[in-house]
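With TSV, C-alpha atoms and all ligand atoms inside, this is upload.tsv:
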chain	number	residue	atom	x	y	z
A	717	MET	CA	2.38	23.76	35.42
A	718	ASN	CA	4.17	25.93	32.84
A	719	VAL	CA	5.91	29.30	33.27
A	720	ASP	CA	2.79	31.34	32.48
A	721	GLN	CA	0.77	29.40	35.02
A	722	LEU	CA	3.56	29.89	37.56
A	723	ARG	CA	3.53	33.64	36.86
A	724	ALA	CA	-0.21	33.74	37.44
A	725	ALA	CA	-0.09	31.62	40.60
A	726	LEU	CA	2.85	33.21	42.43
A	727	PRO	CA	1.07	36.39	43.69
A	728	GLN	CA	-1.72	34.24	45.16
A	729	TRP	CA	0.75	31.91	46.83
A	730	VAL	CA	2.65	34.83	48.33
A	731	GLU	CA	-0.57	36.29	49.76
A	732	ALA	CA	-1.63	32.88	51.11
A	733	SER	CA	1.77	32.39	52.81
A	734	ARG	CA	1.92	35.93	54.20
A	735	LYS	CA	-0.20	35.01	57.22
A	736	TYR	CA	2.64	32.79	58.46
A	737	THR	CA	4.67	35.94	59.12
A	738	SER	CA	2.60	36.23	62.33
A	739	GLU	CA	4.09	32.95	63.54
A	740	GLY	CA	7.60	34.38	63.57
A	741	ASN	CA	9.65	37.28	64.89
A	742	VAL	CA	12.19	39.52	63.22
A	743	ALA	CA	15.74	38.84	64.49
A	744	SER	CA	16.74	41.41	67.08
A	745	TYR	CA	20.04	40.09	68.44
A	746	ILE	CA	21.63	42.17	65.66
A	747	PRO	CA	19.84	45.45	66.50
A	748	GLU	CA	19.88	46.80	62.94
A	749	LEU	CA	17.96	43.72	61.66
A	750	ALA	CA	15.06	44.49	64.03
A	751	LYS	CA	14.08	47.37	61.73
A	752	ALA	CA	12.92	44.98	58.97
A	753	PRO	CA	9.17	44.92	58.14
A	754	ALA	CA	7.76	41.91	59.99
A	755	HIS	CA	4.95	41.14	57.55
A	756	ALA	CA	6.92	41.49	54.34
A	757	LEU	CA	7.12	38.54	51.97
A	758	GLY	CA	8.49	38.43	48.45
A	759	ALA	CA	9.93	35.93	46.00
A	760	THR	CA	11.77	36.07	42.69
A	761	ILE	CA	12.23	33.02	40.49
A	762	MET	CA	14.75	33.17	37.64
A	763	GLY	CA	14.87	30.76	34.72
A	764	ARG	CA	17.78	29.67	32.53
A	765	SER	CA	17.47	32.61	30.12
A	766	GLY	CA	17.30	35.11	32.97
A	767	GLU	CA	13.50	35.41	32.75
A	768	VAL	CA	12.05	36.58	36.03
A	769	ILE	CA	8.84	35.77	37.84
A	770	ARG	CA	8.26	37.76	41.02
A	771	ALA	CA	5.59	38.61	43.55
A	772	GLY	CA	5.33	40.48	46.85
A	773	GLU	CA	7.95	42.85	48.27
A	774	THR	CA	10.99	41.94	46.22
A	775	ASP	CA	12.58	45.36	45.72
A	776	SER	CA	14.15	46.31	49.06
A	777	PRO	CA	17.65	44.95	49.63
A	778	PHE	CA	18.41	42.86	52.72
A	779	THR	CA	21.65	41.45	54.08
A	780	MET	CA	22.69	37.94	53.11
A	781	GLN	CA	23.63	36.84	56.65
A	782	SER	CA	24.12	33.07	56.65
A	783	ILE	CA	23.32	32.75	52.96
A	784	SER	CA	26.75	34.27	52.36
A	785	LYS	CA	28.33	31.19	53.97
A	786	VAL	CA	27.59	29.12	50.86
A	787	PHE	CA	29.54	31.52	48.67
A	788	THR	CA	32.49	32.02	51.04
A	789	LEU	CA	32.70	28.23	51.14
A	790	LEU	CA	32.91	28.18	47.34
A	791	LEU	CA	35.63	30.84	47.34
A	792	ALA	CA	37.55	29.03	50.08
A	793	LEU	CA	37.38	25.83	48.00
A	794	ILE	CA	38.66	27.73	44.96
A	795	ASP	CA	41.48	29.24	47.08
A	796	ASN	CA	42.48	26.12	49.05
A	797	GLY	CA	41.02	23.01	47.40
A	798	GLU	CA	38.99	20.36	49.21
A	799	ASP	CA	41.81	19.15	51.45
A	800	GLY	CA	42.64	22.67	52.58
A	801	VAL	CA	39.05	23.42	53.54
A	802	PHE	CA	38.28	20.09	55.19
A	803	ALA	CA	41.41	20.36	57.31
A	804	LYS	CA	39.53	23.13	59.15
A	805	VAL	CA	35.83	22.17	58.99
A	806	GLY	CA	33.93	18.91	59.01
A	807	MET	CA	31.21	17.47	56.77
A	808	GLU	CA	28.47	16.66	59.28
A	809	PRO	CA	25.25	18.32	60.46
A	810	THR	CA	25.14	19.18	64.18
A	811	GLY	CA	21.50	19.12	65.27
A	812	ASP	CA	22.40	22.17	67.42
A	813	ASP	CA	21.56	25.84	66.94
A	814	PHE	CA	23.56	27.69	64.30
A	815	ASN	CA	25.49	29.66	66.90
A	816	SER	CA	26.05	26.80	69.35
A	817	MET	CA	29.46	26.18	70.84
A	818	LEU	CA	28.57	22.88	72.49
A	819	LYS	CA	30.41	20.58	70.10
A	820	LEU	CA	33.49	22.78	69.91
A	821	GLU	CA	34.19	21.79	73.48
A	822	LEU	CA	32.70	18.32	73.62
A	823	VAL	CA	33.95	16.67	70.46
A	824	GLU	CA	37.67	16.32	69.72
A	825	PRO	CA	39.52	17.84	67.91
A	826	GLY	CA	37.34	20.92	68.32
A	827	LYS	CA	36.90	21.46	64.60
A	828	PRO	CA	33.51	22.95	63.57
A	829	PHE	CA	31.17	20.24	62.26
A	830	ASN	CA	30.35	22.00	58.98
A	831	PRO	CA	30.90	25.30	57.13
A	832	LEU	CA	27.31	26.54	57.45
A	833	ILE	CA	27.15	26.90	61.25
A	834	ASN	CA	28.68	30.10	62.58
A	835	ALA	CA	31.83	28.44	63.94
A	836	GLY	CA	32.43	26.70	60.60
A	837	ALA	CA	31.83	29.85	58.58
A	838	ILE	CA	34.24	31.79	60.79
A	839	ALA	CA	36.87	29.11	60.13
A	840	VAL	CA	36.10	29.37	56.39
A	841	SER	CA	36.53	33.17	56.52
A	842	SER	CA	40.08	32.60	57.75
A	843	LEU	CA	40.81	30.57	54.61
A	844	ILE	CA	39.95	33.29	52.08
A	845	HIS	CA	43.14	34.54	50.44
A	846	GLY	CA	44.17	38.18	50.84
A	847	ASP	CA	46.78	40.10	52.85
A	848	THR	CA	44.41	42.13	55.02
A	849	PRO	CA	40.77	41.84	56.15
A	850	ALA	CA	39.94	44.63	53.67
A	851	ALA	CA	41.64	42.76	50.81
A	852	LYS	CA	39.78	39.56	51.70
A	853	THR	CA	36.47	41.42	51.85
A	854	GLU	CA	37.18	42.96	48.44
A	855	ARG	CA	37.83	39.50	46.98
A	856	ILE	CA	34.63	38.20	48.53
A	857	LEU	CA	32.63	41.12	47.13
A	858	SER	CA	34.02	40.69	43.66
A	859	PHE	CA	33.45	36.91	43.71
A	860	PHE	CA	29.89	37.31	45.00
A	861	SER	CA	29.23	39.97	42.34
A	862	GLU	CA	30.48	37.58	39.67
A	863	THR	CA	28.14	34.84	40.90
A	864	ALA	CA	25.32	37.41	40.75
A	865	GLY	CA	25.96	37.91	37.03
A	866	GLY	CA	28.08	41.05	37.45
A	867	ALA	CA	25.80	42.99	39.82
A	868	LYS	CA	27.82	45.41	41.97
A	869	LEU	CA	27.24	44.10	45.51
A	870	THR	CA	28.24	46.14	48.56
A	871	VAL	CA	28.46	45.78	52.34
A	872	ASN	CA	25.68	47.37	54.41
A	873	GLU	CA	27.94	49.23	56.86
A	874	ASP	CA	25.12	49.89	59.37
A	875	VAL	CA	24.37	46.19	59.70
A	876	PHE	CA	28.09	45.39	59.84
A	877	ARG	CA	28.67	47.85	62.70
A	878	SER	CA	25.54	46.67	64.49
A	879	GLU	CA	26.64	43.02	64.35
A	880	SER	CA	30.26	43.76	65.21
A	881	ALA	CA	29.23	45.75	68.30
A	882	THR	CA	26.98	42.99	69.66
A	883	ALA	CA	28.58	39.73	68.48
A	884	HIS	CA	29.65	38.43	71.87
A	885	ARG	CA	28.70	34.87	71.05
A	886	ASN	CA	30.45	34.84	67.69
A	887	ARG	CA	33.53	36.29	69.39
A	888	SER	CA	33.41	33.46	71.92
A	889	LEU	CA	33.16	30.91	69.10
A	890	ALA	CA	36.12	32.45	67.32
A	891	TYR	CA	38.31	32.49	70.45
A	892	PHE	CA	37.33	28.87	71.07
A	893	LEU	CA	38.52	28.12	67.53
A	894	LYS	CA	41.78	29.91	68.26
A	895	ASP	CA	42.30	27.86	71.41
A	896	ASN	CA	41.46	24.67	69.51
A	897	GLU	CA	44.09	25.69	66.92
A	898	VAL	CA	41.58	25.70	64.08
A	899	LEU	CA	42.64	29.33	63.72
A	900	GLY	CA	46.44	29.04	63.65
A	901	GLU	CA	49.06	31.06	65.48
A	902	ASP	CA	49.47	33.62	62.70
A	903	ILE	CA	45.74	34.36	62.56
A	904	ASP	CA	44.28	37.37	64.36
A	905	VAL	CA	40.81	36.56	65.69
A	906	GLU	CA	39.41	40.08	65.27
A	907	ASP	CA	40.64	40.19	61.66
A	908	VAL	CA	38.78	36.96	60.87
A	909	LEU	CA	35.63	38.21	62.59
A	910	GLN	CA	35.73	41.42	60.57
A	911	VAL	CA	35.75	39.42	57.33
A	912	TYR	CA	32.92	37.21	58.63
A	913	PHE	CA	30.69	40.13	59.76
A	914	LYS	CA	31.31	41.95	56.47
A	915	HIS	CA	30.28	39.03	54.28
A	916	CYS	CA	27.17	38.47	56.40
A	917	SER	CA	26.32	42.15	55.82
A	918	ILE	CA	26.40	42.10	52.02
A	919	ASP	CA	23.18	43.57	50.65
A	920	VAL	CA	21.18	41.73	47.98
A	921	THR	CA	17.73	41.90	46.41
A	922	CYS	CA	15.57	38.85	45.76
A	923	GLU	CA	16.52	39.06	42.10
A	924	GLN	CA	20.25	39.08	42.85
A	925	LEU	CA	19.77	36.11	45.17
A	926	ALA	CA	17.83	34.29	42.46
A	927	ARG	CA	20.66	35.01	40.02
A	928	MET	CA	23.23	33.57	42.44
A	929	ALA	CA	21.01	30.54	42.98
A	930	LEU	CA	20.67	30.08	39.22
A	931	LEU	CA	24.45	29.63	38.96
A	932	LEU	CA	24.24	26.82	41.54
A	933	ALA	CA	21.22	25.33	39.74
A	934	PHE	CA	23.48	25.02	36.70
A	935	ASP	CA	26.42	23.54	38.61
A	936	GLY	CA	28.61	26.65	38.51
A	937	THR	CA	28.37	27.35	34.77
A	938	ASP	CA	26.33	30.51	34.16
A	939	PRO	CA	23.48	29.48	31.83
A	940	LEU	CA	23.27	33.04	30.49
A	941	THR	CA	26.90	33.27	29.37
A	942	GLY	CA	28.04	29.64	29.22
A	943	ARG	CA	31.05	30.59	31.37
A	944	GLU	CA	32.25	28.38	34.23
A	945	VAL	CA	32.37	30.61	37.33
A	946	VAL	CA	32.81	27.82	39.91
A	947	PRO	CA	34.04	24.26	39.29
A	948	ARG	CA	31.17	21.77	39.31
A	949	ARG	CA	32.71	19.70	42.11
A	950	TYR	CA	32.68	22.68	44.50
A	951	VAL	CA	29.06	23.47	43.71
A	952	GLN	CA	28.27	19.80	44.38
A	953	ILE	CA	29.86	20.12	47.84
A	954	ALA	CA	27.97	23.35	48.57
A	955	LYS	CA	24.61	21.87	47.49
A	956	THR	CA	25.19	18.81	49.65
A	957	PHE	CA	25.75	21.03	52.67
A	958	MET	CA	22.65	23.06	51.77
A	959	ILE	CA	20.53	19.90	51.89
A	960	MET	CA	22.15	18.65	55.13
A	961	CYS	CA	22.37	21.88	57.07
A	962	GLY	CA	21.30	24.87	54.94
A	963	MET	CA	18.19	25.46	57.04
A	964	TYR	CA	20.06	24.96	60.33
A	965	ASN	CA	18.58	22.22	62.49
A	966	ALA	CA	15.30	22.36	60.55
A	967	SER	CA	17.08	21.00	57.48
A	968	GLY	CA	15.60	17.51	57.79
A	969	GLU	CA	12.05	18.82	57.91
A	970	PHE	CA	12.78	21.18	55.01
A	971	ALA	CA	14.26	18.32	52.95
A	972	ILE	CA	11.14	16.25	53.52
A	973	LYS	CA	8.59	19.02	52.97
A	974	VAL	CA	10.30	21.14	50.32
A	975	GLY	CA	13.05	18.85	49.03
A	976	ILE	CA	15.38	21.28	47.26
A	977	PRO	CA	18.82	22.69	48.23
A	978	ALA	CA	18.39	25.95	50.14
A	979	LYS	CA	20.14	28.28	52.55
A	980	SER	CA	18.52	30.72	54.93
A	981	GLY	CA	19.78	33.76	56.81
A	982	VAL	CA	18.57	35.61	59.91
A	983	SER	CA	17.57	38.62	57.81
A	984	GLY	CA	14.76	36.33	56.58
A	985	GLY	CA	16.28	35.65	53.18
A	986	ILE	CA	16.28	32.19	51.62
A	987	LEU	CA	18.23	31.15	48.54
A	988	ALA	CA	16.89	27.99	46.90
A	989	LEU	CA	17.37	26.24	43.60
A	990	VAL	CA	15.76	23.71	41.35
A	991	PRO	CA	18.61	21.83	39.63
A	992	GLY	CA	18.83	22.61	35.91
A	993	GLU	CA	15.77	24.88	36.08
A	994	TYR	CA	15.42	27.79	38.49
A	995	GLY	CA	17.21	30.02	40.95
A	996	ILE	CA	15.00	31.43	43.69
A	997	GLY	CA	15.35	34.35	46.12
A	998	VAL	CA	12.85	34.76	48.95
A	999	ILE	CA	12.58	37.38	51.71
A	1000	GLY	CA	10.32	37.19	54.76
A	1001	PRO	CA	11.99	38.73	57.83
A	1002	ALA	CA	9.82	37.02	60.48
A	1003	LEU	CA	11.72	33.94	61.71
A	1004	GLY	CA	10.59	30.78	63.46
A	1005	SER	CA	12.32	29.29	66.49
A	1006	LYS	CA	15.02	27.65	64.38
A	1007	GLY	CA	15.97	30.87	62.56
A	1008	ASN	CA	14.20	30.37	59.22
A	1009	SER	CA	11.60	32.66	57.60
A	1010	THR	CA	8.23	31.16	58.58
A	1011	ALA	CA	6.34	32.52	55.58
A	1012	GLY	CA	9.29	31.97	53.25
A	1013	VAL	CA	9.47	28.28	54.11
A	1014	HIS	CA	5.71	27.93	53.68
A	1015	LEU	CA	5.86	29.63	50.29
A	1016	LEU	CA	8.68	27.35	49.11
A	1017	GLU	CA	6.73	24.31	50.25
A	1018	THR	CA	3.69	25.49	48.28
A	1019	MET	CA	5.76	26.07	45.14
A	1020	SER	CA	7.67	22.81	45.43
A	1021	THR	CA	4.49	20.80	45.89
A	1022	ALA	CA	2.67	22.48	42.99
A	1023	LEU	CA	5.59	22.20	40.59
A	1024	ASP	CA	6.88	18.82	41.76
A	1025	TRP	CA	10.34	20.22	42.51
A	1026	ARG	CA	11.44	17.72	45.19
A	1027	ILE	CA	14.75	16.26	44.05
A	1028	PHE	CA	14.51	12.97	45.90
B	1	LIG	N1	21.99	32.50	60.92
B	1	LIG	C1	22.55	33.57	60.44
B	1	LIG	O1	22.13	34.13	59.43
B	1	LIG	C2	23.70	34.02	61.24
B	1	LIG	C3	24.50	35.12	60.61
B	1	LIG	C4	24.79	36.22	61.57
B	1	LIG	N2	25.65	37.16	60.93
B	1	LIG	C5	25.44	35.67	62.81
B	1	LIG	O2	26.61	35.44	62.79
B	1	LIG	O3	24.82	35.47	63.82
Since I need it in another form, could you write the structure as structure tokens?
Amino acid sequence: MNVDQLRAALPQWVEASRKYTSEGNVASYIPELAKAPAHALGATIMGRSGEVIRAGETDSPFTMQSISKVFTLLLALIDNGEDGVFAKVGMEPTGDDFNSMLKLELVEPGKPFNPLINAGAIAVSSLIHGDTPAAKTERILSFFSETAGGAKLTVNEDVFRSESATAHRNRSLAYFLKDNEVLGEDIDVEDVLQVYFKHCSIDVTCEQLARMALLLAFDGTDPLTGREVVPRRYVQIAKTFMIMCGMYNASGEFAIKVGIPAKSGVSGGILALVPGEYGIGVIGPALGSKGNSTAGVHLLETMSTALDWRIF
């Protein structure tokens, strides 16, 4: 299938996948997210010259939520190197829910298993350089904007406040990390949480997500400018985590059925990439029991099957 055929097929695939929105529910544990349209579905695919193929509801921004964890991981690697990051988070999938605290208590030394579960991403937030939470957030925003090809990304303050006011479980995780000394003595738990909630609340469109994914598809060197934005090794680490745990504890099924690196968020967004070819941004706010967009996953499976995208 060539690009013109893909352009012609995408609207039909989106409409065929839309019915799977009825199998999911919009996240409501962050009250502001509950306002999202339950039956929306949209996808943007971007190629190496920035050409865009899109279908469905791709225009409204949505918050990155857990998708942001991939990019804070990259920034933490840039700031601290591999040893610095892996001193605080592990390299293994958990098989537990993304916000589980089970293993923080059960498995010594109480280090989060990986940077894409909430506990791991909170630990990663503490590694971002900057003197204050505001300075760290500014650095995150400017780095994310750079990965999005210079788009000016901002924090959705309503979603930030909504999450911050209701994040009892994330607070528990963070205090557990403090007690386990993953967050050191000099680190203020509320400061770290503020950085974490802010980066989860960064607004993006499908096209911006596709642009960010395109950078990963080209190993950190922007195919539109030829500039290295992230060292290849760090992108390699991020993509490995995306395959192992990017879709939470449905990552195995996703790897078998769809077979490309991806990361989802509870807003219903999914960032996915086809190495050396495409960056993809999908939004479908209705989530299945494991926290992934039901229609979004179905749409990606359809595309991957038709275009033979599976990397394995
Ligand atoms: N899975 C997600 O997208 C989780 C992100 C969300 N901000 C949370 O911490 O719960």
Which residues of chain A come within 10 Å of ligand LIG 1 (chain B), and what is each one's closest atom pair and distance in Å (one decimal), counting only C-alpha atoms and all ligand atoms, sorted by chain and residue number, as JSON lines?
{"residue": "A:Ala743", "atom": "CA", "partner": "B:LIG1", "partner_atom": "O1", "distance": 9.4}
{"residue": "A:Tyr745", "atom": "CA", "partner": "B:LIG1", "partner_atom": "O3", "distance": 8.1}
{"residue": "A:Ile746", "atom": "CA", "partner": "B:LIG1", "partner_atom": "O3", "distance": 7.6}
{"residue": "A:Thr779", "atom": "CA", "partner": "B:LIG1", "partner_atom": "N2", "distance": 9.0}
{"residue": "A:Met780", "atom": "CA", "partner": "B:LIG1", "partner_atom": "O1", "distance": 7.4}
{"residue": "A:Gln781", "atom": "CA", "partner": "B:LIG1", "partner_atom": "O1", "distance": 4.2}
{"residue": "A:Ser782", "atom": "CA", "partner": "B:LIG1", "partner_atom": "O1", "distance": 3.6}
{"residue": "A:Ile783", "atom": "CA", "partner": "B:LIG1", "partner_atom": "O1", "distance": 6.7}
{"residue": "A:Ser784", "atom": "CA", "partner": "B:LIG1", "partner_atom": "O1", "distance": 8.4}
{"residue": "A:Lys785", "atom": "CA", "partner": "B:LIG1", "partner_atom": "C3", "distance": 8.6}
{"residue": "A:Asp813", "atom": "CA", "partner": "B:LIG1", "partner_atom": "N1", "distance": 9.0}
{"residue": "A:Phe814", "atom": "CA", "partner": "B:LIG1", "partner_atom": "N1", "distance": 6.1}
{"residue": "A:Asn815", "atom": "CA", "partner": "B:LIG1", "partner_atom": "O3", "distance": 6.6}
{"residue": "A:Leu832", "atom": "CA", "partner": "B:LIG1", "partner_atom": "N1", "distance": 8.7}
{"residue": "A:Ile833", "atom": "CA", "partner": "B:LIG1", "partner_atom": "N1", "distance": 7.6}
{"residue": "A:Asn834", "atom": "CA", "partner": "B:LIG1", "partner_atom": "O2", "distance": 5.7}
{"residue": "A:Ala835", "atom": "CA", "partner": "B:LIG1", "partner_atom": "O2", "distance": 8.8}
{"residue": "A:Ala837", "atom": "CA", "partner": "B:LIG1", "partner_atom": "O2", "distance": 8.7}
{"residue": "A:Ile838", "atom": "CA", "partner": "B:LIG1", "partner_atom": "O2", "distance": 8.7}
{"residue": "A:Val875", "atom": "CA", "partner": "B:LIG1", "partner_atom": "N2", "distance": 9.2}
{"residue": "A:Phe876", "atom": "CA", "partner": "B:LIG1", "partner_atom": "N2", "distance": 8.7}
{"residue": "A:Glu879", "atom": "CA", "partner": "B:LIG1", "partner_atom": "N2", "distance": 6.9}
{"residue": "A:Ser880", "atom": "CA", "partner": "B:LIG1", "partner_atom": "N2", "distance": 9.1}
{"residue": "A:Thr882", "atom": "CA", "partner": "B:LIG1", "partner_atom": "O3", "distance": 9.8}
{"residue": "A:Ala883", "atom": "CA", "partner": "B:LIG1", "partner_atom": "O3", "distance": 7.3}
{"residue": "A:His884", "atom": "CA", "partner": "B:LIG1", "partner_atom": "O3", "distance": 9.8}
{"residue": "A:Arg885", "atom": "CA", "partner": "B:LIG1", "partner_atom": "O3", "distance": 8.2}
{"residue": "A:Asn886", "atom": "CA", "partner": "B:LIG1", "partner_atom": "O2", "distance": 6.3}
{"residue": "A:Arg887", "atom": "CA", "partner": "B:LIG1", "partner_atom": "O2", "distance": 9.6}
{"residue": "A:Leu909", "atom": "CA", "partner": "B:LIG1", "partner_atom": "O2", "distance": 9.4}
{"residue": "A:Tyr912", "atom": "CA", "partner": "B:LIG1", "partner_atom": "N2", "distance": 7.6}
{"residue": "A:Phe913", "atom": "CA", "partner": "B:LIG1", "partner_atom": "N2", "distance": 6.0}
{"residue": "A:Lys914", "atom": "CA", "partner": "B:LIG1", "partner_atom": "N2", "distance": 8.7}
{"residue": "A:His915", "atom": "CA", "partner": "B:LIG1", "partner_atom": "N2", "distance": 8.3}
{"residue": "A:Cys916", "atom": "CA", "partner": "B:LIG1", "partner_atom": "N2", "distance": 5.0}
{"residue": "A:Ser917", "atom": "CA", "partner": "B:LIG1", "partner_atom": "N2", "distance": 7.2}
{"residue": "A:Gly962", "atom": "CA", "partner": "B:LIG1", "partner_atom": "N1", "distance": 9.7}
{"residue": "A:Met963", "atom": "CA", "partner": "B:LIG1", "partner_atom": "N1", "distance": 8.9}
{"residue": "A:Tyr964", "atom": "CA", "partner": "B:LIG1", "partner_atom": "N1", "distance": 7.8}
{"residue": "A:Lys979", "atom": "CA", "partner": "B:LIG1", "partner_atom": "O1", "distance": 9.2}
{"residue": "A:Ser980", "atom": "CA", "partner": "B:LIG1", "partner_atom": "O1", "distance": 6.7}
{"residue": "A:Gly981", "atom": "CA", "partner": "B:LIG1", "partner_atom": "O1", "distance": 3.5}
{"residue": "A:Val982", "atom": "CA", "partner": "B:LIG1", "partner_atom": "O1", "distance": 3.9}
{"residue": "A:Ser983", "atom": "CA", "partner": "B:LIG1", "partner_atom": "O1", "distance": 6.6}
{"residue": "A:Gly984", "atom": "CA", "partner": "B:LIG1", "partner_atom": "O1", "distance": 8.2}
{"residue": "A:Gly985", "atom": "CA", "partner": "B:LIG1", "partner_atom": "O1", "distance": 8.7}
{"residue": "A:Ile986", "atom": "CA", "partner": "B:LIG1", "partner_atom": "O1", "distance": 9.9}
{"residue": "A:Lys1006", "atom": "CA", "partner": "B:LIG1", "partner_atom": "N1", "distance": 9.2}
{"residue": "A:Gly1007", "atom": "CA", "partner": "B:LIG1", "partner_atom": "N1", "distance": 6.4}
{"residue": "A:Asn1008", "atom": "CA", "partner": "B:LIG1", "partner_atom": "N1", "distance": 8.3}
Near Pro991 of chain A, within 10 Å and counting all atoms listed in the file, which residues show up once chain neighbours fewer than 4 positions away are dropped, as a PDB file with C-alpha atoms, in the coordinates of the input?
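Final output, saved to selection.pdb:
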ATOM      1  CA  ALA A 929      21.010  30.540  42.980  1.00  0.00           C
ATOM      2  CA  LEU A 930      20.670  30.080  39.220  1.00  0.00           C
ATOM      3  CA  LEU A 931      24.450  29.630  38.960  1.00  0.00           C
ATOM      4  CA  LEU A 932      24.240  26.820  41.540  1.00  0.00           C
ATOM      5  CA  ALA A 933      21.220  25.330  39.740  1.00  0.00           C
ATOM      6  CA  PHE A 934      23.480  25.020  36.700  1.00  0.00           C
ATOM      7  CA  ASP A 935      26.420  23.540  38.610  1.00  0.00           C
ATOM      8  CA  LYS A 955      24.610  21.870  47.490  1.00  0.00           C
ATOM      9  CA  ILE A 976      15.380  21.280  47.260  1.00  0.00           C
ATOM     10  CA  PRO A 977      18.820  22.690  48.230  1.00  0.00           C
ATOM     11  CA  GLY A 995      17.210  30.020  40.950  1.00  0.00           C
ATOM     12  CA  TRP A1025      10.340  20.220  42.510  1.00  0.00           C
ATOM     13  CA  ARG A1026      11.440  17.720  45.190  1.00  0.00           C
ATOM     14  CA  ILE A1027      14.750  16.260  44.050  1.00  0.00           C
TER      15      ILE A1027
END
What is the atom CA of Thr1021 of chain A to atom CA of Ala732 of chain A distance in Å?
-> 14.5 Å
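Excluding Gly1000 of chain A itself and any same-chain residue fewer than 5 positions from it, the protein and nucleic acid residues within 7 Å of it, counting only C-alpha atoms, are Ala756, Leu757, Gly758, Gly984, Gly985, Ser1009, Ala1011 and Gly1012 of chain A.
The closest residue to Thr1010 of chain A, picked from A:Ala966, A:Val908, A:Met958, A:Ala725 and counting only C-alpha atoms, is A:Ala966.
Distances to Leu791 of chain A were evaluated for A:Thr737, A:Gln721, A:Thr863, A:Ser744 using only C-alpha atoms, and the minimum falls at A:Thr863.
Between atom CA of Ser878 of chain A and atom CA of Phe778 of chain A the interatomic distance comes to 14.3 Å.
Atom pair atom CA of Gly826 of chain A / atom CA of Thr848 of chain A: separated by 26.0 Å.
The shortest atom-to-atom distance to Leu989 of chain A, with only C-alpha atoms taken into account, belongs to A:Met928 out of A:Val730, A:Met928, A:Val945, A:Met960.
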Using only C-alpha atoms, find all polymer residues with an atom at most 12 Å away from the point (34.4, 13.8, 66.7); report them as a count of residues only.
-> 18
If we count all atoms listed in the file, what is near Asp795 of chain A at a cut-off of 9 Å, once residues fewer than 2 positions away on the same chain are taken out, given as a ChimeraX atom specification?
-> /A:790-793,797,800,843-845
Please dump the current selection as an mmCIF file, in the frame of the given file; keep C-alpha atoms.
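Once everything was written out, this is out.cif:
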data_model
loop_
_atom_site.group_PDB
_atom_site.id
_atom_site.type_symbol
_atom_site.label_atom_id
_atom_site.label_comp_id
_atom_site.auth_asym_id
_atom_site.auth_seq_id
_atom_site.Cartn_x
_atom_site.Cartn_y
_atom_site.Cartn_z
ATOM 1 C CA LEU A 790 32.910 28.180 47.340
ATOM 2 C CA LEU A 791 35.630 30.840 47.340
ATOM 3 C CA ALA A 792 37.550 29.030 50.080
ATOM 4 C CA LEU A 793 37.380 25.830 48.000
ATOM 5 C CA GLY A 797 41.020 23.010 47.400
ATOM 6 C CA GLY A 800 42.640 22.670 52.580
ATOM 7 C CA LEU A 843 40.810 30.570 54.610
ATOM 8 C CA ILE A 844 39.950 33.290 52.080
ATOM 9 C CA HIS A 845 43.140 34.540 50.440
#
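For the residues A:Ile794, A:Lys735, A:Asp895, A:Asp904, ranking by smallest atom-to-atom distance to Ile856 of chain A using all atoms listed in the file places A:Ile794 first.
Across A:Asp907, A:Glu798, A:Asp1024, A:Glu739, the tightest approach to Tyr950 of chain A is made by A:Glu798 when counting only C-alpha atoms.
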Find the spatial neighbours of Arg770 of chain A, counting all atoms listed in the file, within a cut-off of 9 Å - ignore same-chain residues fewer than 2 positions away - and output them as a VMD selection string.
-> chain A and resid 723 726 to 727 758 to 762 768 772 to 774 922 to 923
